[in-house]
Every structure is written in C-alpha cells, then in structure tokens.
>>> print(open('input_16.pdb').read())   # PDB, C-alpha atoms, pLDDT in the B column
ATOM      1  CA  MET V  17     104.412 -12.434 181.932  1.00 88.00           C
ATOM      2  CA  LYS V  18     104.383  -8.637 182.165  1.00 95.00           C
ATOM      3  CA  GLU V  19     102.739  -6.743 185.038  1.00 98.00           C
ATOM      4  CA  VAL V  20     102.182  -2.980 184.968  1.00 98.00           C
ATOM      5  CA  ILE V  21     103.010  -1.263 188.271  1.00 98.00           C
ATOM      6  CA  PHE V  22     101.124   1.845 189.415  1.00 97.00           C
ATOM      7  CA  THR V  23     100.952   3.809 192.645  1.00 98.00           C
ATOM      8  CA  ASP V  24      99.286   7.093 193.488  1.00 97.00           C
ATOM      9  CA  LYS V  25     102.211   7.762 195.856  1.00 98.00           C
ATOM     10  CA  ALA V  26     104.278   8.763 192.815  1.00 98.00           C
ATOM     11  CA  PRO V  27     103.346  11.077 189.953  1.00 97.00           C
ATOM     12  CA  ALA V  28     101.193   9.589 187.230  1.00 94.00           C
ATOM     13  CA  ALA V  29     102.935   9.075 183.911  1.00 93.00           C
ATOM     14  CA  ILE V  30     102.910  12.228 181.807  1.00 91.00           C
ATOM     15  CA  GLY V  31     102.919  10.252 178.560  1.00 93.00           C
ATOM     16  CA  PRO V  32     102.059   6.843 177.130  1.00 96.00           C
ATOM     17  CA  TYR V  33     104.150   4.747 179.516  1.00 97.00           C
ATOM     18  CA  SER V  34     103.878   2.982 182.880  1.00 98.00           C
ATOM     19  CA  GLN V  35     105.532   4.015 186.126  1.00 98.00           C
ATOM     20  CA  ALA V  36     107.148   0.576 186.090  1.00 98.00           C
ATOM     21  CA  VAL V  37     106.760  -2.849 184.538  1.00 98.00           C
ATOM     22  CA  ARG V  38     107.571  -6.127 186.231  1.00 98.00           C
ATOM     23  CA  GLY V  39     108.774  -9.010 184.093  1.00 97.00           C
ATOM     24  CA  GLY V  40     109.462 -12.096 186.208  1.00 96.00           C
ATOM     25  CA  ASN V  41     111.465 -10.885 189.172  1.00 96.00           C
ATOM     26  CA  THR V  42     112.852  -7.817 187.374  1.00 98.00           C
ATOM     27  CA  ILE V  43     111.281  -4.373 187.756  1.00 98.00           C
ATOM     28  CA  TYR V  44     111.919  -1.754 185.095  1.00 98.00           C
ATOM     29  CA  CYS V  45     111.157   1.701 186.517  1.00 98.00           C
ATOM     30  CA  SER V  46     110.492   4.608 184.193  1.00 98.00           C
ATOM     31  CA  GLY V  47     112.411   7.793 184.814  1.00 98.00           C
ATOM     32  CA  GLN V  48     111.256   9.907 187.724  1.00 98.00           C
ATOM     33  CA  ILE V  49     111.657  13.654 187.906  1.00 98.00           C
ATOM     34  CA  GLY V  50     111.085  15.869 190.932  1.00 98.00           C
ATOM     35  CA  LEU V  51     107.307  16.076 190.604  1.00 98.00           C
ATOM     36  CA  ASP V  52     105.111  16.340 193.669  1.00 98.00           C
ATOM     37  CA  PRO V  53     102.628  13.431 193.316  1.00 97.00           C
ATOM     38  CA  ALA V  54      99.803  15.560 194.732  1.00 96.00           C
ATOM     39  CA  THR V  55     100.194  18.537 192.397  1.00 95.00           C
ATOM     40  CA  GLY V  56     102.017  17.151 189.357  1.00 95.00           C
ATOM     41  CA  GLU V  57     104.366  20.142 189.540  1.00 97.00           C
ATOM     42  CA  LEU V  58     108.118  20.291 190.103  1.00 98.00           C
ATOM     43  CA  VAL V  59     108.944  20.704 193.798  1.00 98.00           C
ATOM     44  CA  ALA V  60     111.377  23.569 193.159  1.00 95.00           C
ATOM     45  CA  ALA V  61     113.874  24.967 190.663  1.00 95.00           C
ATOM     46  CA  ASP V  62     116.648  23.453 192.814  1.00 97.00           C
ATOM     47  CA  VAL V  63     118.513  20.327 191.683  1.00 98.00           C
ATOM     48  CA  ARG V  64     118.942  18.967 195.236  1.00 98.00           C
ATOM     49  CA  LYS V  65     115.215  19.212 195.957  1.00 98.00           C
ATOM     50  CA  GLN V  66     114.336  17.737 192.573  1.00 98.00           C
ATOM     51  CA  ALA V  67     116.792  14.859 193.035  1.00 98.00           C
ATOM     52  CA  THR V  68     115.392  14.129 196.502  1.00 98.00           C
ATOM     53  CA  GLN V  69     111.824  14.092 195.167  1.00 98.00           C
ATOM     54  CA  ALA V  70     112.804  11.956 192.161  1.00 98.00           C
ATOM     55  CA  ILE V  71     114.323   9.390 194.530  1.00 98.00           C
ATOM     56  CA  ASN V  72     111.237   9.522 196.763  1.00 98.00           C
ATOM     57  CA  ASN V  73     109.061   8.932 193.697  1.00 98.00           C
ATOM     58  CA  LEU V  74     111.271   6.050 192.588  1.00 98.00           C
ATOM     59  CA  ARG V  75     111.109   4.578 196.100  1.00 98.00           C
ATOM     60  CA  ALA V  76     107.276   4.729 195.993  1.00 98.00           C
ATOM     61  CA  VAL V  77     107.120   2.974 192.617  1.00 98.00           C
ATOM     62  CA  LEU V  78     109.501   0.275 193.817  1.00 98.00           C
ATOM     63  CA  ALA V  79     107.427  -0.228 196.976  1.00 98.00           C
ATOM     64  CA  ALA V  80     104.303  -0.703 194.848  1.00 98.00           C
ATOM     65  CA  ALA V  81     106.160  -3.508 193.081  1.00 97.00           C
ATOM     66  CA  GLY V  82     107.264  -5.115 196.363  1.00 97.00           C
ATOM     67  CA  ALA V  83     110.838  -3.855 196.136  1.00 97.00           C
ATOM     68  CA  GLY V  84     113.085  -1.293 197.767  1.00 97.00           C
ATOM     69  CA  MET V  85     116.110   0.796 196.897  1.00 97.00           C
ATOM     70  CA  ASP V  86     118.461  -1.982 197.953  1.00 95.00           C
ATOM     71  CA  ASP V  87     116.934  -4.221 195.240  1.00 97.00           C
ATOM     72  CA  VAL V  88     118.090  -1.761 192.562  1.00 98.00           C
ATOM     73  CA  CYS V  89     120.835  -3.170 190.327  1.00 98.00           C
ATOM     74  CA  LYS V  90     121.160  -0.419 187.704  1.00 98.00           C
ATOM     75  CA  VAL V  91     120.425   3.309 187.696  1.00 98.00           C
ATOM     76  CA  ASN V  92     120.511   5.849 184.891  1.00 98.00           C
ATOM     77  CA  ILE V  93     120.660   9.525 185.816  1.00 98.00           C
ATOM     78  CA  PHE V  94     119.991  12.290 183.313  1.00 98.00           C
ATOM     79  CA  LEU V  95     121.151  15.820 184.160  1.00 98.00           C
ATOM     80  CA  ARG V  96     120.423  19.067 182.368  1.00 98.00           C
ATOM     81  CA  SER V  97     123.869  20.217 183.462  1.00 98.00           C
ATOM     82  CA  MET V  98     126.952  18.285 184.509  1.00 98.00           C
ATOM     83  CA  ALA V  99     127.597  21.184 186.891  1.00 98.00           C
ATOM     84  CA  ASP V 100     124.947  19.487 189.096  1.00 98.00           C
ATOM     85  CA  PHE V 101     126.814  16.152 189.184  1.00 98.00           C
ATOM     86  CA  GLY V 102     128.266  16.661 192.684  1.00 98.00           C
ATOM     87  CA  ALA V 103     125.022  17.895 194.235  1.00 98.00           C
ATOM     88  CA  VAL V 104     123.036  14.984 192.788  1.00 98.00           C
ATOM     89  CA  ASN V 105     125.722  12.522 193.942  1.00 97.00           C
ATOM     90  CA  GLU V 106     125.343  13.769 197.518  1.00 97.00           C
ATOM     91  CA  ILE V 107     121.580  13.166 197.472  1.00 97.00           C
ATOM     92  CA  TYR V 108     121.917   9.880 195.586  1.00 98.00           C
ATOM     93  CA  ALA V 109     124.480   8.486 198.050  1.00 96.00           C
ATOM     94  CA  THR V 110     121.936   8.685 200.894  1.00 96.00           C
ATOM     95  CA  ALA V 111     119.359   6.532 199.042  1.00 97.00           C
ATOM     96  CA  PHE V 112     121.179   3.206 199.350  1.00 95.00           C
ATOM     97  CA  THR V 113     122.312   1.193 202.368  1.00 89.00           C
ATOM     98  CA  GLY V 114     123.096  -2.212 200.861  1.00 79.00           C
ATOM     99  CA  GLY V 115     125.790  -1.176 198.413  1.00 91.00           C
ATOM    100  CA  PHE V 116     125.486   1.007 195.361  1.00 97.00           C
ATOM    101  CA  PRO V 117     124.009  -0.260 192.096  1.00 98.00           C
ATOM    102  CA  ALA V 118     125.742   0.057 188.737  1.00 98.00           C
ATOM    103  CA  ARG V 119     125.075   3.504 187.297  1.00 98.00           C
ATOM    104  CA  SER V 120     125.332   5.785 184.300  1.00 98.00           C
ATOM    105  CA  CYS V 121     125.018   9.559 184.469  1.00 98.00           C
ATOM    106  CA  VAL V 122     124.760  11.702 181.364  1.00 98.00           C
ATOM    107  CA  ALA V 123     123.957  15.292 180.481  1.00 98.00           C
ATOM    108  CA  VAL V 124     120.989  15.840 178.185  1.00 98.00           C
ATOM    109  CA  ALA V 125     119.628  18.804 176.244  1.00 98.00           C
ATOM    110  CA  GLY V 126     116.318  18.800 178.088  1.00 97.00           C
ATOM    111  CA  LEU V 127     113.960  16.846 180.330  1.00 98.00           C
ATOM    112  CA  PRO V 128     110.169  16.739 180.688  1.00 96.00           C
ATOM    113  CA  LYS V 129     108.653  19.807 182.408  1.00 96.00           C
ATOM    114  CA  ASP V 130     112.116  21.445 182.266  1.00 97.00           C
ATOM    115  CA  ALA V 131     113.300  19.237 185.140  1.00 98.00           C
ATOM    116  CA  LEU V 132     116.945  19.433 186.157  1.00 98.00           C
ATOM    117  CA  VAL V 133     117.350  15.704 186.874  1.00 98.00           C
ATOM    118  CA  GLU V 134     115.654  12.412 185.976  1.00 98.00           C
ATOM    119  CA  ILE V 135     116.405   9.051 187.563  1.00 98.00           C
ATOM    120  CA  GLU V 136     115.392   5.605 186.283  1.00 98.00           C
ATOM    121  CA  ALA V 137     116.192   2.190 187.713  1.00 98.00           C
ATOM    122  CA  ILE V 138     116.092  -1.555 187.225  1.00 98.00           C
ATOM    123  CA  ALA V 139     115.549  -3.704 190.317  1.00 98.00           C
ATOM    124  CA  VAL V 140     115.603  -7.447 190.882  1.00 98.00           C
ATOM    125  CA  LEU V 141     113.466  -9.035 193.566  1.00 96.00           C
ATOM    126  CA  LYS V 142     115.177 -11.597 195.771  1.00 87.00           C
ATOM    127  CA  ASN V 143     112.172 -13.842 196.402  1.00 72.00           C
ATOM    128  CA  SER V 144     109.929 -14.271 193.387  1.00 55.00           C
TER     129      SER V 144
END
>>> encode(input="input_16.pdb", output="structure tokens")
Amino acid sequence: MKEVIFTDKAPAAIGPYSQAVRGGNTIYCSGQIGLDPATGELVAADVRKQATQAINNLRAVLAAAGAGMDDVCKVNIFLRSMADFGAVNEIYATAFTGGFPARSCVAVAGLPKDALVEIEAIAVLKNS
C-alpha cells in the first residue's frame, strides 16, 4: 500500500508530485532544494546555505514519515556546478551520525527555481 507523506515544515511541492511516498517500510523522498518553507523562496544564492536548507527540508519530510537521517540508505545529489562538490560534501557530512548512505552526485544543466543543489533520498524504517 502507498501512503503520501506531507508536512508543512518543508516546502510544498512545486509540481505534480508528493514530498515523499511510503511503500511498506521504504520512504521515497522527492528532491529538496534550499527553499524556505515559510516563503517558498531560496534561502540565498549560496550553495552552502542552500545545501543546509535542502537537508533541513529533507529531515522534516523524513520526520513526517516517522524516519530520520540515519534511516536513509541512498541519496542522490544534483549540482548545477561540480565546483560546488567540496562545499556540499562538507555540509552533507554533518547530516549523518550512523554511517553514510550510498550516494550519487551529478552535475545537471539546471534545477527548479535556479537552485544550486537538490538532494533526494530513500530511507528504510527499522520497525514497520
């Protein structure tokens, strides 16, 4: 059975998709960019600030599904420029305490709202 996950502590979807969907004990989180949930605007034109906000948004969506960052098994990161790889890695490394998930990181031609970084994740709940 599929359950749509929504929280007002993360930005609302800006298209026809859900913030996350839970199927069984797996949570599929849509990509998060550095939008402020209150304003719907990017927090800054700075990749570190956008990455921090994207992770905070992802954390809020996971919490709404009963999960946390340490339940994340796979992450995909999309960067507008690979020149930001190191800066995003520094922010990303602080988000996990129970070991790092598997990850891909690719450069893309563009992201919604001209964001510099987007982060999506798949998490698995331990007790479901």
>>> resolve_selection(input="input_16.pdb", expression="the PyMOL selection byres ((chain V and resi 77) around 12)", output="ChimeraX atom specification")
/V:20-29,34-38,43-48,53,70-76,78-85,88,136-139
>>> resolve_selection(input="input_16.pdb", expression="the PyMOL selection byres ((chain V and resi 61) around 10)", output="JSON, numbers by chain")
{"V": [50, 58, 59, 60, 62, 63, 64, 65, 66, 130, 131, 132]}
>>> resolve_selection(input="input_16.pdb", expression="the PyMOL selection byres ((chain V and resi 99) around 12)", output="list in words")
Val63, Leu95, Arg96, Ser97, Met98, Asp100, Phe101, Gly102, Ala103, Val104, Asn105, Val122, Ala123, Leu132 and Val133 of chain V
>>> write_last_selection(input="input_16.pdb", atoms="C-alpha atoms", output="PDB file, in the frame of the given file")
ATOM      1  CA  VAL V  63     118.513  20.327 191.683  1.00 98.00           C
ATOM      2  CA  LEU V  95     121.151  15.820 184.160  1.00 98.00           C
ATOM      3  CA  ARG V  96     120.423  19.067 182.368  1.00 98.00           C
ATOM      4  CA  SER V  97     123.869  20.217 183.462  1.00 98.00           C
ATOM      5  CA  MET V  98     126.952  18.285 184.509  1.00 98.00           C
ATOM      6  CA  ASP V 100     124.947  19.487 189.096  1.00 98.00           C
ATOM      7  CA  PHE V 101     126.814  16.152 189.184  1.00 98.00           C
ATOM      8  CA  GLY V 102     128.266  16.661 192.684  1.00 98.00           C
ATOM      9  CA  ALA V 103     125.022  17.895 194.235  1.00 98.00           C
ATOM     10  CA  VAL V 104     123.036  14.984 192.788  1.00 98.00           C
ATOM     11  CA  ASN V 105     125.722  12.522 193.942  1.00 97.00           C
ATOM     12  CA  VAL V 122     124.760  11.702 181.364  1.00 98.00           C
ATOM     13  CA  ALA V 123     123.957  15.292 180.481  1.00 98.00           C
ATOM     14  CA  LEU V 132     116.945  19.433 186.157  1.00 98.00           C
ATOM     15  CA  VAL V 133     117.350  15.704 186.874  1.00 98.00           C
TER      16      VAL V 133
END
>>> atom_distance(input="input_16.pdb", atom1="CA of Ala109 (chain V)", atom2="CA of Asp87 (chain V)")
15.0 Å
>>> atom_distance(input="input_16.pdb", atom1="CA of Cys89 (chain V)", atom2="CA of Val140 (chain V)")
6.8 Å
>>> atom_distance(input="input_16.pdb", atom1="CA of Val124 (chain V)", atom2="CA of Thr110 (chain V)")
23.8 Å
>>> axis_aligned_box(input="input_16.pdb", around="region 113-117 of chain V", padding_each_side="4 Å", output="lines of an AutoDock Vina configuration file")
center_x = 124.1
center_y = -0.5
center_z = 197.2
size_x = 11.5
size_y = 11.4
size_z = 18.3
>>> closest_residue(input="input_16.pdb", among="V:Ile93, V:Ile30, V:Ala54, V:Leu141", to="Pro128 (chain V)", atoms="all atoms listed in the file")
V:Ile30
>>> closest_residue(input="input_16.pdb", among="V:Ile49, V:Val91, V:Ala67, V:Met17", to="Ser120 (chain V)", atoms="only C-alpha atoms")
V:Val91
>>> decode(input="input_16.pdb", residues="region 89-131 of chain V", atoms="N, CA and C atoms", output="mmCIF file, in the first residue's frame")
data_model
loop_
_atom_site.group_PDB
_atom_site.id
_atom_site.type_symbol
_atom_site.label_atom_id
_atom_site.label_comp_id
_atom_site.auth_asym_id
_atom_site.auth_seq_id
_atom_site.Cartn_x
_atom_site.Cartn_y
_atom_site.Cartn_z
ATOM 1 N N CYS V 89 19.144 5.250 3.250
ATOM 2 C CA CYS V 89 20.026 4.235 2.655
ATOM 3 C C CYS V 89 20.674 4.702 1.357
ATOM 4 N N LYS V 90 20.003 5.615 0.646
ATOM 5 C CA LYS V 90 20.512 6.082 -0.646
ATOM 6 C C LYS V 90 20.185 7.552 -0.827
ATOM 7 N N VAL V 91 21.143 8.304 -1.305
ATOM 8 C CA VAL V 91 20.981 9.738 -1.572
ATOM 9 C C VAL V 91 21.445 10.023 -2.996
ATOM 10 N N ASN V 92 20.709 10.895 -3.659
ATOM 11 C CA ASN V 92 21.137 11.442 -4.948
ATOM 12 C C ASN V 92 21.259 12.951 -4.777
ATOM 13 N N ILE V 93 22.406 13.484 -5.186
ATOM 14 C CA ILE V 93 22.636 14.923 -5.122
ATOM 15 C C ILE V 93 22.828 15.428 -6.547
ATOM 16 N N PHE V 94 22.144 16.536 -6.848
ATOM 17 C CA PHE V 94 22.244 17.167 -8.150
ATOM 18 C C PHE V 94 22.833 18.563 -7.944
ATOM 19 N N LEU V 95 23.917 18.844 -8.639
ATOM 20 C CA LEU V 95 24.605 20.134 -8.523
ATOM 21 C C LEU V 95 24.572 20.876 -9.847
ATOM 22 N N ARG V 96 24.384 22.185 -9.778
ATOM 23 C CA ARG V 96 24.486 22.984 -11.004
ATOM 24 C C ARG V 96 25.932 23.080 -11.458
ATOM 25 N N SER V 97 26.859 22.940 -10.501
ATOM 26 C CA SER V 97 28.277 23.013 -10.857
ATOM 27 C C SER V 97 29.079 22.060 -9.977
ATOM 28 N N MET V 98 29.915 21.261 -10.605
ATOM 29 C CA MET V 98 30.776 20.358 -9.836
ATOM 30 C C MET V 98 31.811 21.144 -9.027
ATOM 31 N N ALA V 99 31.968 22.415 -9.306
ATOM 32 C CA ALA V 99 32.854 23.253 -8.496
ATOM 33 C C ALA V 99 32.340 23.360 -7.064
ATOM 34 N N ASP V 100 31.052 23.063 -6.840
ATOM 35 C CA ASP V 100 30.452 23.116 -5.501
ATOM 36 C C ASP V 100 30.514 21.783 -4.763
ATOM 37 N N PHE V 101 31.116 20.773 -5.372
ATOM 38 C CA PHE V 101 31.164 19.427 -4.796
ATOM 39 C C PHE V 101 31.737 19.427 -3.375
ATOM 40 N N GLY V 102 32.874 20.055 -3.177
ATOM 41 C CA GLY V 102 33.530 20.085 -1.865
ATOM 42 C C GLY V 102 32.700 20.790 -0.813
ATOM 43 N N ALA V 103 32.133 21.930 -1.156
ATOM 44 C CA ALA V 103 31.319 22.695 -0.207
ATOM 45 C C ALA V 103 30.086 21.902 0.208
ATOM 46 N N VAL V 104 29.423 21.269 -0.758
ATOM 47 C CA VAL V 104 28.239 20.465 -0.438
ATOM 48 C C VAL V 104 28.632 19.252 0.397
ATOM 49 N N ASN V 105 29.765 18.637 0.097
ATOM 50 C CA ASN V 105 30.238 17.493 0.897
ATOM 51 C C ASN V 105 30.424 17.879 2.361
ATOM 52 N N GLU V 106 30.959 19.056 2.613
ATOM 53 C CA GLU V 106 31.168 19.499 3.996
ATOM 54 C C GLU V 106 29.850 19.609 4.747
ATOM 55 N N ILE V 107 28.839 20.173 4.119
ATOM 56 C CA ILE V 107 27.516 20.297 4.740
ATOM 57 C C ILE V 107 26.883 18.919 4.891
ATOM 58 N N TYR V 108 26.932 18.139 3.840
ATOM 59 C CA TYR V 108 26.344 16.799 3.816
ATOM 60 C C TYR V 108 26.918 15.912 4.929
ATOM 61 N N ALA V 109 28.218 15.979 5.133
ATOM 62 C CA ALA V 109 28.886 15.112 6.114
ATOM 63 C C ALA V 109 28.362 15.323 7.527
ATOM 64 N N THR V 110 27.822 16.508 7.821
ATOM 65 C CA THR V 110 27.324 16.794 9.168
ATOM 66 C C THR V 110 25.908 16.261 9.397
ATOM 67 N N ALA V 111 25.243 15.795 8.345
ATOM 68 C CA ALA V 111 23.833 15.383 8.441
ATOM 69 C C ALA V 111 23.634 13.967 8.966
ATOM 70 N N PHE V 112 24.685 13.178 8.996
ATOM 71 C CA PHE V 112 24.559 11.764 9.359
ATOM 72 C C PHE V 112 25.463 11.412 10.534
ATOM 73 N N THR V 113 24.931 10.602 11.455
ATOM 74 C CA THR V 113 25.737 10.144 12.589
ATOM 75 C C THR V 113 25.897 8.627 12.612
ATOM 76 N N GLY V 114 25.011 7.913 11.941
ATOM 77 C CA GLY V 114 25.034 6.453 11.982
ATOM 78 C C GLY V 114 25.650 5.811 10.767
ATOM 79 N N GLY V 115 26.603 6.434 10.156
ATOM 80 C CA GLY V 115 27.212 5.922 8.934
ATOM 81 C C GLY V 115 26.560 6.565 7.719
ATOM 82 N N PHE V 116 27.337 6.726 6.686
ATOM 83 C CA PHE V 116 26.840 7.392 5.488
ATOM 84 C C PHE V 116 26.068 6.429 4.593
ATOM 85 N N PRO V 117 25.003 6.928 3.961
ATOM 86 C CA PRO V 117 24.277 6.101 2.995
ATOM 87 C C PRO V 117 25.044 6.007 1.675
ATOM 88 N N ALA V 118 24.608 5.102 0.814
ATOM 89 C CA ALA V 118 25.124 5.076 -0.557
ATOM 90 C C ALA V 118 24.720 6.397 -1.207
ATOM 91 N N ARG V 119 25.498 6.837 -2.214
ATOM 92 C CA ARG V 119 25.210 8.158 -2.771
ATOM 93 C C ARG V 119 25.690 8.277 -4.206
ATOM 94 N N SER V 120 24.964 9.063 -4.962
ATOM 95 C CA SER V 120 25.396 9.526 -6.283
ATOM 96 C C SER V 120 25.395 11.041 -6.245
ATOM 97 N N CYS V 121 26.280 11.655 -7.022
ATOM 98 C CA CYS V 121 26.310 13.107 -7.124
ATOM 99 C C CYS V 121 26.648 13.442 -8.569
ATOM 100 N N VAL V 122 25.755 14.183 -9.213
ATOM 101 C CA VAL V 122 25.953 14.513 -10.616
ATOM 102 C C VAL V 122 25.724 15.998 -10.850
ATOM 103 N N ALA V 123 26.342 16.511 -11.889
ATOM 104 C CA ALA V 123 26.098 17.888 -12.319
ATOM 105 C C ALA V 123 24.957 17.866 -13.336
ATOM 106 N N VAL V 124 24.113 18.876 -13.255
ATOM 107 C CA VAL V 124 22.967 18.985 -14.155
ATOM 108 C C VAL V 124 22.947 20.372 -14.795
ATOM 109 N N ALA V 125 22.205 20.496 -15.883
ATOM 110 C CA ALA V 125 22.141 21.774 -16.594
ATOM 111 C C ALA V 125 21.342 22.820 -15.840
ATOM 112 N N GLY V 126 20.380 22.388 -15.041
ATOM 113 C CA GLY V 126 19.563 23.342 -14.303
ATOM 114 C C GLY V 126 18.697 22.637 -13.291
ATOM 115 N N LEU V 127 18.225 23.386 -12.306
ATOM 116 C CA LEU V 127 17.359 22.874 -11.248
ATOM 117 C C LEU V 127 16.182 23.823 -11.073
ATOM 118 N N PRO V 128 15.087 23.340 -10.475
ATOM 119 C CA PRO V 128 13.935 24.216 -10.255
ATOM 120 C C PRO V 128 14.330 25.486 -9.498
ATOM 121 N N LYS V 129 13.706 26.593 -9.870
ATOM 122 C CA LYS V 129 13.917 27.907 -9.233
ATOM 123 C C LYS V 129 15.372 28.356 -9.287
ATOM 124 N N ASP V 130 16.134 27.806 -10.237
ATOM 125 C CA ASP V 130 17.563 28.120 -10.394
ATOM 126 C C ASP V 130 18.382 27.772 -9.160
ATOM 127 N N ALA V 131 17.949 26.739 -8.435
ATOM 128 C CA ALA V 131 18.692 26.275 -7.255
ATOM 129 C C ALA V 131 20.076 25.795 -7.672
#
